[in-house]
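Engineer: Provided below: query34.csv, containing CSV, C-alpha atoms.
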```csv
chain,number,residue,atom,x,y,z
A,1198,MET,CA,0.0,0.0,0.0
A,1199,THR,CA,1.3,3.4,-0.9
A,1200,ALA,CA,0.6,6.8,0.6
A,1201,GLN,CA,-1.8,7.5,-2.3
A,1202,THR,CA,-3.8,4.3,-1.8
A,1203,TRP,CA,-3.9,5.1,1.9
A,1204,ARG,CA,-5.4,8.5,1.3
A,1205,ALA,CA,-7.8,6.9,-1.2
A,1206,LEU,CA,-8.9,4.4,1.5
A,1207,LEU,CA,-9.6,7.2,4.0
A,1208,LYS,CA,-11.6,9.1,1.4
A,1209,ALA,CA,-13.6,6.0,0.6
A,1210,LYS,CA,-14.4,5.5,4.2
A,1211,GLN,CA,-15.5,9.1,4.6
A,1212,LEU,CA,-17.6,8.8,1.4
A,1213,LEU,CA,-19.3,5.7,2.7
A,1214,SER,CA,-20.1,7.4,6.0
A,1215,LEU,CA,-21.6,10.4,4.2
A,1216,ARG,CA,-23.8,8.3,1.9
A,1217,LEU,CA,-25.1,6.3,4.8
A,1218,PHE,CA,-25.8,9.5,6.8
A,1219,LEU,CA,-27.8,11.0,3.9
A,1220,LEU,CA,-29.7,7.8,3.3
A,1221,LEU,CA,-30.7,7.4,6.9
A,1222,ASN,CA,-31.8,11.0,7.1
A,1223,ALA,CA,-33.9,10.6,4.0
A,1224,LEU,CA,-35.5,7.4,5.3
A,1225,ALA,CA,-36.2,9.0,8.7
A,1226,ALA,CA,-37.8,12.0,7.2
A,1227,ALA,CA,-39.9,9.9,4.9
A,1228,PHE,CA,-41.0,7.7,7.8
A,1229,ALA,CA,-41.8,10.8,9.9
A,1230,MET,CA,-44.2,12.0,7.2
A,1231,LEU,CA,-45.8,8.7,6.2
A,1232,PHE,CA,-46.0,7.2,9.7
A,1233,PRO,CA,-45.9,10.1,12.1
A,1234,ILE,CA,-46.0,9.7,15.9
A,1235,HIS,CA,-49.0,12.0,15.9
A,1236,SER,CA,-51.3,12.8,13.0
A,1237,THR,CA,-51.3,16.5,13.8
A,1238,MET,CA,-49.2,18.3,11.2
A,1239,ARG,CA,-47.9,15.2,9.3
A,1240,ILE,CA,-45.6,17.3,7.2
A,1241,THR,CA,-43.5,20.2,8.3
A,1242,THR,CA,-41.2,22.4,6.1
A,1243,PRO,CA,-38.0,21.3,7.9
A,1244,VAL,CA,-38.7,17.5,7.6
A,1245,ALA,CA,-39.6,18.0,3.9
A,1246,ALA,CA,-36.4,19.9,3.4
A,1247,ILE,CA,-34.4,17.1,5.1
A,1248,LEU,CA,-35.9,14.6,2.7
A,1249,LEU,CA,-35.3,16.6,-0.4
A,1250,ILE,CA,-31.8,17.8,0.6
A,1251,SER,CA,-30.7,14.3,1.7
A,1252,LEU,CA,-31.9,12.7,-1.6
A,1253,ALA,CA,-30.4,15.5,-3.7
A,1254,LEU,CA,-27.0,15.4,-2.0
A,1255,LEU,CA,-27.0,11.6,-2.1
A,1256,ALA,CA,-27.8,11.6,-5.9
A,1257,TRP,CA,-25.1,14.3,-6.5
A,1258,GLN,CA,-22.5,12.4,-4.4
A,1259,MET,CA,-23.3,9.2,-6.3
A,1260,TRP,CA,-22.8,11.0,-9.6
A,1261,ASN,CA,-19.7,13.0,-8.6
A,1262,ASN,CA,-17.8,11.0,-6.0
A,1263,LYS,CA,-14.5,12.8,-6.5
A,1264,GLN,CA,-15.6,15.9,-4.6
A,1265,LEU,CA,-16.7,15.3,-1.0
A,1266,ILE,CA,-19.2,17.3,0.9
A,1267,ASN,CA,-18.0,18.7,4.2
A,1268,LEU,CA,-19.4,16.1,6.6
A,1269,ASN,CA,-19.4,18.4,9.7
A,1270,ILE,CA,-21.3,21.2,7.9
A,1271,ILE,CA,-24.0,19.0,6.5
A,1272,SER,CA,-24.3,17.2,9.9
A,1273,LEU,CA,-24.9,20.5,11.7
A,1274,PHE,CA,-27.3,21.7,9.0
A,1275,LEU,CA,-29.5,18.6,9.0
A,1276,GLY,CA,-29.3,18.5,12.8
A,1277,LEU,CA,-30.7,22.1,13.0
A,1278,LEU,CA,-33.5,21.2,10.6
A,1279,TRP,CA,-34.5,18.2,12.8
A,1280,ALA,CA,-34.4,20.6,15.8
A,1281,VAL,CA,-36.7,23.1,14.0
A,1282,HIS,CA,-39.1,20.2,12.9
A,1283,ILE,CA,-39.3,18.9,16.5
A,1284,PHE,CA,-40.0,22.5,17.8
A,1285,ILE,CA,-42.8,23.1,15.2
A,1286,LYS,CA,-44.3,19.6,15.6
A,1287,ASN,CA,-44.3,19.8,19.4
A,1288,ALA,CA,-46.0,23.2,19.3
A,1289,ALA,CA,-48.8,21.7,17.1
A,1290,ILE,CA,-49.2,18.6,19.3
A,1291,GLY,CA,-49.0,20.4,22.6
A,1292,ASP,CA,-49.1,18.2,25.7
A,1293,LEU,CA,-51.2,15.5,24.0
A,1294,ASP,CA,-48.3,13.2,23.3
A,1295,THR,CA,-45.4,13.4,25.7
A,1296,SER,CA,-43.5,10.6,24.0
A,1297,PHE,CA,-42.9,12.6,20.8
A,1298,LEU,CA,-39.8,14.4,22.1
A,1299,VAL,CA,-38.1,11.2,23.3
A,1300,ILE,CA,-38.8,9.2,20.2
A,1301,SER,CA,-37.7,12.1,18.0
A,1302,LEU,CA,-34.4,12.3,19.9
A,1303,MET,CA,-33.9,8.6,19.7
A,1304,SER,CA,-34.4,8.7,16.0
A,1305,VAL,CA,-31.7,11.4,15.5
A,1306,LEU,CA,-29.3,9.6,17.9
A,1307,PHE,CA,-29.9,6.4,16.0
A,1308,ILE,CA,-28.9,8.1,12.7
A,1309,GLY,CA,-25.8,9.6,14.2
A,1310,ALA,CA,-24.7,6.5,16.0
A,1311,ILE,CA,-24.8,4.3,12.9
A,1312,ALA,CA,-23.4,6.8,10.4
A,1313,PHE,CA,-20.7,8.3,12.6
A,1314,ILE,CA,-19.4,5.3,14.5
A,1315,ASN,CA,-15.8,6.8,14.3
A,1316,ASN,CA,-16.6,10.5,14.0
A,1317,ILE,CA,-17.5,12.1,17.4
A,1318,VAL,CA,-17.5,15.6,16.0
A,1319,ALA,CA,-20.1,14.9,13.3
A,1320,PHE,CA,-22.2,13.0,15.7
A,1321,LEU,CA,-22.3,15.8,18.2
A,1322,LEU,CA,-23.0,18.4,15.5
A,1323,HIS,CA,-25.9,16.4,14.3
A,1324,SER,CA,-27.3,15.4,17.7
A,1325,LEU,CA,-26.8,18.4,20.0
A,1326,PRO,CA,-29.3,20.8,18.3
A,1327,VAL,CA,-32.0,18.2,18.8
A,1328,ALA,CA,-30.9,17.4,22.3
A,1329,LEU,CA,-31.0,21.0,23.3
A,1330,VAL,CA,-34.5,21.6,21.9
A,1331,VAL,CA,-35.7,18.4,23.7
A,1332,LEU,CA,-34.2,19.6,26.9
A,1333,TRP,CA,-35.8,23.0,26.5
A,1334,LEU,CA,-39.3,21.7,25.6
A,1335,GLY,CA,-39.3,18.7,27.9
A,1336,ASN,CA,-40.0,18.5,31.6
A,1337,VAL,CA,-37.3,19.0,34.2
A,1338,ASP,CA,-37.8,15.3,35.2
A,1339,GLN,CA,-36.8,14.2,31.7
A,1340,TRP,CA,-33.6,16.1,31.6
A,1341,LEU,CA,-31.5,13.3,33.2
A,1342,ARG,CA,-32.9,10.8,30.7
A,1343,VAL,CA,-32.2,13.0,27.8
A,1344,ILE,CA,-28.6,13.7,28.9
A,1345,TYR,CA,-28.1,10.0,29.5
A,1346,SER,CA,-29.5,9.2,26.0
A,1347,ILE,CA,-27.0,11.4,24.3
A,1348,ALA,CA,-24.1,10.9,26.6
A,1349,LEU,CA,-24.1,7.1,26.3
A,1350,PRO,CA,-23.6,6.9,22.5
A,1351,ALA,CA,-21.3,9.9,22.6
A,1352,ILE,CA,-19.0,8.2,25.1
A,1353,GLY,CA,-19.1,5.0,23.0
A,1354,ILE,CA,-18.3,6.8,19.8
A,1355,ALA,CA,-15.6,8.9,21.5
A,1356,ILE,CA,-13.9,5.7,22.7
A,1357,GLN,CA,-14.3,4.1,19.3
A,1358,HIS,CA,-12.9,7.2,17.7
A,1359,ILE,CA,-9.8,7.1,19.9
A,1360,ILE,CA,-9.3,3.4,19.1
A,1361,GLN,CA,-9.6,4.1,15.4
A,1362,LYS,CA,-7.2,7.0,15.5
A,1363,ARG,CA,-4.6,4.8,17.3
A,1364,ASN,CA,-5.2,2.0,14.7
A,1365,ASP,CA,-4.8,4.6,11.9
A,1366,ARG,CA,-1.6,5.9,13.3
A,1367,PHE,CA,-0.2,2.4,13.8
A,1368,THR,CA,-1.2,1.5,10.2
A,1369,GLN,CA,0.3,4.7,8.9
A,1370,ARG,CA,3.6,4.1,10.7
A,1371,LEU,CA,3.6,0.4,9.5
A,1372,MET,CA,2.9,1.5,6.0
A,1373,ASN,CA,5.7,4.1,6.1
A,1374,LYS,CA,8.1,1.5,7.5
A,1375,LEU,CA,7.2,-0.9,4.7
A,1376,LEU,CA,7.7,1.7,2.1
A,1377,GLU,CA,11.1,2.5,3.5
A,1378,GLU,CA,12.1,-1.1,3.5
A,1379,LYS,CA,10.7,-1.5,-0.1
A,1380,GLU,CA,12.8,1.4,-1.2
A,1381,THR,CA,15.8,-0.1,0.5
A,1382,LEU,CA,15.3,-3.5,-1.1
A,1383,THR,CA,14.8,-1.8,-4.5
A,1384,ASP,CA,18.1,0.1,-4.0
A,1385,LEU,CA,19.8,-3.1,-3.0
A,1386,SER,CA,18.5,-5.0,-6.0
A,1387,MET,CA,20.1,-2.3,-8.2
A,1388,LEU,CA,23.5,-2.5,-6.5
A,1389,ASP,CA,26.3,-5.0,-6.8
A,1390,PRO,CA,26.7,-6.5,-3.3
A,1391,LEU,CA,30.5,-6.7,-3.5
A,1392,THR,CA,31.5,-3.3,-4.9
A,1393,GLY,CA,28.4,-1.2,-4.1
A,1394,LEU,CA,28.3,-0.1,-7.7
A,1395,TYR,CA,25.2,-0.3,-9.9
A,1396,ASN,CA,24.4,-3.6,-11.5
A,1397,ARG,CA,22.9,-3.9,-14.9
A,1398,ARG,CA,19.4,-3.4,-13.6
A,1399,GLY,CA,20.5,-0.3,-11.7
A,1400,PHE,CA,22.2,1.1,-14.7
A,1401,GLN,CA,19.1,0.5,-16.9
A,1402,ASN,CA,17.0,2.3,-14.3
A,1403,ARG,CA,19.3,5.3,-14.2
A,1404,LEU,CA,19.7,5.3,-18.0
A,1405,GLU,CA,15.9,5.8,-18.3
A,1406,HIS,CA,16.1,8.9,-16.1
A,1407,ILE,CA,19.0,10.3,-18.2
A,1408,GLN,CA,17.1,9.7,-21.4
A,1409,ALA,CA,13.9,11.2,-20.0
A,1410,SER,CA,15.8,14.4,-18.9
A,1411,GLY,CA,16.7,15.3,-22.5
A,1412,SER,CA,19.4,14.8,-25.1
A,1413,GLY,CA,23.1,15.4,-24.4
A,1414,SER,CA,26.5,14.3,-25.4
A,1415,HIS,CA,27.3,11.1,-23.5
A,1416,TYR,CA,30.2,8.5,-23.7
A,1417,VAL,CA,30.3,4.9,-22.7
A,1418,LEU,CA,33.4,3.2,-21.3
A,1419,LEU,CA,33.9,-0.5,-21.0
A,1420,LEU,CA,36.8,-1.4,-18.7
A,1421,ASP,CA,38.4,-4.8,-18.0
A,1422,ILE,CA,41.0,-5.7,-15.5
A,1423,ASP,CA,44.0,-7.2,-17.3
A,1424,HIS,CA,44.7,-10.9,-16.8
A,1425,PHE,CA,42.3,-11.1,-13.9
A,1426,LYS,CA,41.6,-14.8,-14.3
A,1427,SER,CA,45.2,-15.5,-13.6
A,1428,TYR,CA,45.1,-13.1,-10.6
A,1429,ASN,CA,42.1,-15.1,-9.2
A,1430,ASP,CA,43.7,-18.5,-9.9
A,1431,HIS,CA,47.0,-17.7,-8.2
A,1432,TYR,CA,46.0,-15.2,-5.5
A,1433,GLY,CA,42.7,-16.7,-4.6
A,1434,HIS,CA,39.1,-15.4,-4.8
A,1435,ALA,CA,39.3,-13.6,-1.5
A,1436,MET,CA,42.2,-11.5,-2.8
A,1437,GLY,CA,40.4,-11.2,-6.1
A,1438,ASP,CA,37.4,-9.7,-4.3
A,1439,GLN,CA,39.6,-7.2,-2.5
A,1440,ALA,CA,41.2,-6.2,-5.8
A,1441,LEU,CA,37.7,-5.7,-7.3
A,1442,ILE,CA,36.6,-3.5,-4.3
A,1443,ARG,CA,39.7,-1.3,-4.6
A,1444,VAL,CA,39.5,-1.0,-8.3
A,1445,SER,CA,35.8,-0.1,-8.0
A,1446,ALA,CA,36.5,2.6,-5.5
A,1447,ALA,CA,39.3,4.0,-7.7
A,1448,ILE,CA,36.9,4.2,-10.7
A,1449,ARG,CA,34.2,5.8,-8.7
A,1450,ASP,CA,36.7,8.4,-7.3
A,1451,ALA,CA,38.0,9.2,-10.8
A,1452,VAL,CA,34.6,10.3,-12.3
A,1453,ARG,CA,32.0,12.8,-11.4
A,1454,SER,CA,29.0,12.1,-9.1
A,1455,ARG,CA,26.6,12.4,-12.0
A,1456,ASP,CA,28.4,9.7,-14.0
A,1457,LEU,CA,27.1,6.1,-13.8
A,1458,VAL,CA,29.6,3.4,-12.8
A,1459,THR,CA,28.4,-0.2,-13.2
A,1460,ARG,CA,29.8,-3.6,-12.5
A,1461,TYR,CA,29.0,-5.1,-15.9
A,1462,GLY,CA,30.5,-8.5,-15.4
A,1463,GLY,CA,33.0,-10.4,-13.2
A,1464,GLU,CA,36.0,-8.1,-13.7
A,1465,GLU,CA,34.3,-5.8,-16.3
A,1466,PHE,CA,33.0,-2.4,-15.6
A,1467,MET,CA,30.9,0.1,-17.6
A,1468,ILE,CA,31.0,3.8,-17.0
A,1469,MET,CA,28.6,6.3,-18.6
A,1470,LEU,CA,30.0,9.8,-18.7
A,1471,THR,CA,27.0,12.1,-19.0
A,1472,ASN,CA,27.0,15.5,-20.7
A,1473,ILE,CA,30.6,15.5,-21.8
A,1474,ASP,CA,32.6,16.1,-25.0
A,1475,ALA,CA,35.0,13.7,-26.6
A,1476,GLU,CA,38.2,15.4,-25.2
A,1477,ARG,CA,37.0,15.4,-21.6
A,1478,ALA,CA,35.7,11.8,-22.0
A,1479,MET,CA,39.2,10.7,-23.0
A,1480,GLN,CA,40.7,12.6,-20.1
A,1481,SER,CA,38.3,10.9,-17.7
A,1482,ALA,CA,39.2,7.5,-19.2
A,1483,GLU,CA,42.9,8.2,-18.7
A,1484,ARG,CA,42.3,9.4,-15.2
A,1485,ILE,CA,40.6,6.1,-14.4
A,1486,ARG,CA,43.4,4.1,-16.0
A,1487,GLN,CA,46.0,6.0,-14.0
A,1488,ARG,CA,44.1,5.8,-10.7
A,1489,VAL,CA,43.9,2.0,-11.0
A,1490,PHE,CA,47.6,1.8,-11.9
A,1491,ASP,CA,48.5,3.9,-8.9
A,1492,LEU,CA,46.7,1.5,-6.6
A,1493,ASP,CA,49.9,-0.6,-7.0
A,1494,ILE,CA,48.1,-3.9,-6.4
A,1495,PRO,CA,50.8,-6.6,-7.0
A,1496,HIS,CA,50.1,-8.8,-10.0
A,1497,MET,CA,53.0,-11.1,-10.9
A,1498,PHE,CA,51.0,-12.6,-13.7
A,1499,ASN,CA,50.6,-9.3,-15.5
A,1500,THR,CA,54.3,-8.9,-16.2
A,1501,GLN,CA,53.8,-8.4,-19.9
A,1502,VAL,CA,52.1,-5.1,-19.0
A,1503,ALA,CA,53.3,-4.2,-15.5
A,1504,THR,CA,54.0,-5.8,-12.1
A,1505,ASN,CA,50.7,-4.5,-10.7
A,1506,VAL,CA,47.0,-4.5,-11.6
A,1507,THR,CA,46.1,-2.6,-14.7
A,1508,VAL,CA,43.0,-2.0,-16.9
A,1509,SER,CA,42.2,-1.7,-20.5
A,1510,ILE,CA,39.4,0.6,-21.7
A,1511,GLY,CA,37.2,0.9,-24.7
A,1512,LEU,CA,35.5,4.2,-25.3
A,1513,ALA,CA,32.5,5.1,-27.6
A,1514,PRO,CA,29.9,7.8,-27.9
A,1515,PHE,CA,26.3,7.3,-26.8
A,1516,THR,CA,23.8,9.2,-28.9
A,1517,GLU,CA,20.0,9.0,-29.0
A,1518,GLY,CA,20.2,5.5,-30.5
A,1519,SER,CA,20.3,2.2,-28.6
A,1520,ILE,CA,22.6,1.7,-25.7
A,1521,ASP,CA,23.5,-1.7,-27.2
A,1522,ASP,CA,25.0,0.0,-30.2
A,1523,ALA,CA,27.3,2.2,-28.1
A,1524,LEU,CA,28.2,-0.8,-25.9
A,1525,SER,CA,29.0,-2.8,-29.1
A,1526,LEU,CA,31.4,-0.1,-30.3
A,1527,ALA,CA,33.0,0.2,-26.9
A,1528,ASP,CA,33.4,-3.5,-26.7
A,1529,LYS,CA,35.2,-3.6,-30.0
A,1530,ALA,CA,37.5,-0.8,-28.8
A,1531,LEU,CA,38.2,-2.7,-25.6
A,1532,TYR,CA,39.0,-5.9,-27.5
A,1533,GLN,CA,41.5,-4.0,-29.7
A,1534,ALA,CA,43.0,-2.3,-26.6
A,1535,LYS,CA,43.7,-5.7,-25.1
A,1536,ASN,CA,45.2,-7.1,-28.3
A,1537,ARG,CA,47.5,-4.1,-28.5
A,1538,GLY,CA,49.2,-4.7,-25.2
A,1539,ARG,CA,46.6,-3.8,-22.5
A,1540,ASN,CA,46.8,-1.0,-19.9
A,1541,SER,CA,45.6,1.4,-22.6
A,1542,ILE,CA,42.6,3.2,-24.0
A,1543,LEU,CA,41.1,3.0,-27.4
A,1544,THR,CA,38.1,4.7,-28.9
A,1545,ASN,CA,35.9,3.5,-31.7
A,1546,GLU,CA,37.2,6.3,-33.9
A,1547,MET,CA,40.8,5.0,-33.5
A,1548,ILE,CA,39.7,1.6,-34.7
A,1549,ALA,CA,37.9,3.1,-37.7
A,1550,VAL,CA,41.0,5.1,-38.7
A,1551,ASN,CA,43.2,2.1,-38.4
```
Would you mind writing the file out in structure tokens?
Structural biologist:
Amino acid sequence: MTAQTWRALLKAKQLLSLRLFLLLNALAAAFAMLFPIHSTMRITTPVAAILLISLALLAWQMWNNKQLINLNIISLFLGLLWAVHIFIKNAAIGDLDTSFLVISLMSVLFIGAIAFINNIVAFLLHSLPVALVVLWLGNVDQWLRVIYSIALPAIGIAIQHIIQKRNDRFTQRLMNKLLEEKETLTDLSMLDPLTGLYNRRGFQNRLEHIQASGSGSHYVLLLDIDHFKSYNDHYGHAMGDQALIRVSAAIRDAVRSRDLVTRYGGEEFMIMLTNIDAERAMQSAERIRQRVFDLDIPHMFNTQVATNVTVSIGLAPFTEGSIDDALSLADKALYQAKNRGRNSILTNEMIAVN
């Protein structure tokens, strides 16, 4: 789950609560008109308004579910309409039916308790206007019952609200932690575990960003450690790994932070020099070659070139075409650099001239 889907889930919950609230108000208003507690004044202007407004908003919300109505405002508005309806109806009934106030209050509390199980603010905004009218119109003896009737669901909803908030915070923290771990795993899956450089997947991912950012003059270097198989065979793989780590660090230090350094194979590396001209690309390649040479890692099986670890480099431009084309040219240049004595740099243009 992402932050976006989490927000979408919260919005969906709020939308469901709003629709349920409007539906219950419409049903309660319709029932109050069709089956009134007392036949006197079956229909009042406020209860008719509740029915029409609830149905209209419900239909509009079903049609346009991207824009939510403010739940607190509509709760207060409908609660005030119910309060006015009870006041008008009670005045028409008089003292003939003392149960009207209590039943009306219970109906409003029923709507709020079901629709706003986790929203104490909306529940109170909808219920308090009716409760205050009932307290005002009712007998002093009924005040305790009225207060109890509204306090009991209010306390329950408040507790449920606190529990839900804690659950939401826990879920949010858990989601953020999972996202962080996902990003970490994604980063790790794009890095070579030995050298810490990009692997081929990581290079491809960064390459897409470079291509999306616009055109530029880029160069691709393919680099290979000279006679590395012999080094591994005679010094052992542990020493070979240490040599790879040191060579990787030297390459990384020799280029700019915006350049991409990738472990392309066992002892083969690929470097993309971004936004650079041919002369500076050649200078960068030479700096890499010299940095590796200056590591002075003993290599007694490289005596045809030197007595320490060296590298050969093939260099080719990367234009807007396929990266495979540039790599093919760089690979040919690297092959020729090895055939011509190693510890050297060749470009694809040099091969073409020769």
Engineer: Residues at most 12 Å from Ala1348 in chain A, counting all atoms listed in the file, excluding those fewer than 5 positions away in the same chain, as a count of residues only?
Structural biologist: 15
Engineer: With distances taken over only C-alpha atoms, which residue among A:Ala1440, A:Ala1530, A:Ala1446, A:Ala1205 lies nearest Asp1493 in chain A?
Structural biologist: A:Ala1440
Engineer: Which polymer residues have any atom within 9 Å of an atom of Leu1213 in chain A, counting only C-alpha atoms, with same-chain residues fewer than 5 positions away left out, as a VMD selection string?
Structural biologist: chain A and resid 1208 1218 1312
Engineer: Determine, counting only C-alpha atoms, which protein, DNA and RNA residues have an atom within 7 Å of an atom of range 1392-1396 of chain A; residues of the same chain fewer than 2 positions away are not included. Present the result as a VMD selection string.
Structural biologist: chain A and resid 1387 to 1390 1398 to 1400 1442 1445 1458 to 1461
Engineer: Just give me the residues with any atom within 10 Å of (-36.2, 23.6, 15.5), file coordinates, counting only C-alpha atoms, written as a list in words.
Structural biologist: Pro1243, Gly1276, Leu1277, Leu1278, Trp1279, Ala1280, Val1281, His1282, Ile1283, Phe1284, Ile1285, Lys1286, Asn1287, Pro1326, Val1327, Leu1329, Val1330 and Val1331 of chain A
Engineer: Would you pick out the contacts of Phe1425 in chain A at 10 Å or less, using only C-alpha atoms, so that residues sharing its chain but fewer than 2 positions from it are not included, and give the list as an MDAnalysis selection string?
Structural biologist: chainID A and resid 1421:1423 1427:1431 1437 1440:1441 1463:1465 1496 1498:1499 1506:1508
Engineer: If you count only C-alpha atoms, which residues fall within 8 Å of range 1534-1549 of chain A, apart from same-chain ones fewer than 4 positions away, as a ChimeraX atom specification?
Structural biologist: /A:1423,1482-1483,1486,1501-1502,1507-1513,1526-1527,1529-1530
Engineer: One decimal, Å: what's the distance from CA of Ile1347 in chain A over to CA of Leu1275 in chain A, could you say?
Structural biologist: 17.1 Å
Engineer: Would you work out the distance separating CA of Ser1296 in chain A from CA of Phe1228 in chain A, expressed in Å to one decimal?
Structural biologist: 16.6 Å
Engineer: What does the distance between CA of Glu1517 in chain A and CA of Ile1407 in chain A come to in Å, to one decimal place?
Structural biologist: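 Answer for the CA of Glu1517 in chain A to CA of Ile1407 in chain A separation: 10.9 Å.
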Engineer: Looking at A:Asn1267, A:Asn1222, A:Thr1368, A:Thr1237, which one is nearest to Leu1249 in chain A, with distances taken over all atoms listed in the file?
Structural biologist: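 Of A:Asn1267, A:Asn1222, A:Thr1368, A:Thr1237, the one nearest Leu1249 in chain A is A:Asn1222, counting all atoms listed in the file.
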Engineer: Using all atoms listed in the file, find the one residue out of A:Thr1516, A:Thr1500, A:Gln1357, A:Gln1487 that sits nearest to Gly1413 in chain A.
Structural biologist: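 That would be A:Thr1516, the residue with the smallest distance to Gly1413 in chain A.
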Engineer: Counting all atoms listed in the file, which residues have an atom no more than 9 Å from (17.8, 2.5, -26.0) in the file's coordinates? Please list them as a ChimeraX atom specification.
Structural biologist: /A:1404-1405,1408,1517-1522
